[in-house]
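In what follows, a structure is listed as structure tokens, so that the remarks can point back to it.
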Amino acid sequence: MTTAVVVALLNYLGVVDLPYSIKDQKGENSLDLDLMHMIAQTTHCIAQGKVGSGFDVSSAVYGSNRYVRFSPKIISATQEVVCTTPLDEVIGEVLKAKWDHESTKFSFMIS
């Protein structure tokens, strides 16, 4: 649910353009998907109080995919500063970090 709320707000505020189909997820919209992923992943970890696998957020943003998690250090500091620092500053710092996750489209072949 966190991912849906974050993405809906980003779209409503004009920060991202949601792709209308799977075909639109490549090219110029892939940067929007990456931005949605980073913000949703950070928000989800803050809400949970821990850095998890991230696969649930990755699936919500990218769809079916092979996912390699980001380094936890990218957002682990947010757990400590989120109570004393404005959220926009926390997210701004996270967005400046070098995200090392991997997401590759995946689907089963049905014959």
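The chains in the structure tokens are called A, B, ... from first to last as shown; in each chain the residues are counted from 1, and the ligands are counted from 1 in the order shown.
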
I want to know what sits within 12 Å of Thr42 in chain A, based on only C-alpha atoms, with residues of the same chain fewer than 5 positions away left out; could you give that as a VMD selection string? chain A and resid 2 to 3 6 35 to 37 47 to 52 54 57 to 58 70 72 to 79 82 87 to 88 90 to 95 97 99

Using DSSP assignments from the backbone, pull out every residue in chain A that falls under alpha helix (DSSP H) and give it to me as a PyMOL selection string. chain A and resi 2-12+29-48+55-62+73-76+78-81+87-96

In Å, how far is it from CA of Tyr67 in chain A to CA of Lys105 in chain A?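 So the two atoms, CA of Tyr67 in chain A and CA of Lys105 in chain A, lie 8.9 Å apart.
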
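Pairwise distance (CA of Met1 in chain A, CA of Leu33 in chain A) equals 16.6 Å.
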
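Distances here use only C-alpha atoms; by that measure, the residue among A:Ser30, A:His101, A:Glu89, A:Ala60 closest to Val7 in chain A is A:Ala60.
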
Between CA of Asn11 in chain A and CA of Glu80 in chain A, what distance in Å does the model show, to one decimal?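 Straight-line distance from CA of Asn11 in chain A to CA of Glu80 in chain A works out to 28.0 Å.
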
With distances taken over only C-alpha atoms, which of A:Val5, A:Asp34, A:Thr43, A:Phe108 is nearest to Val61 in chain A? A:Asp34
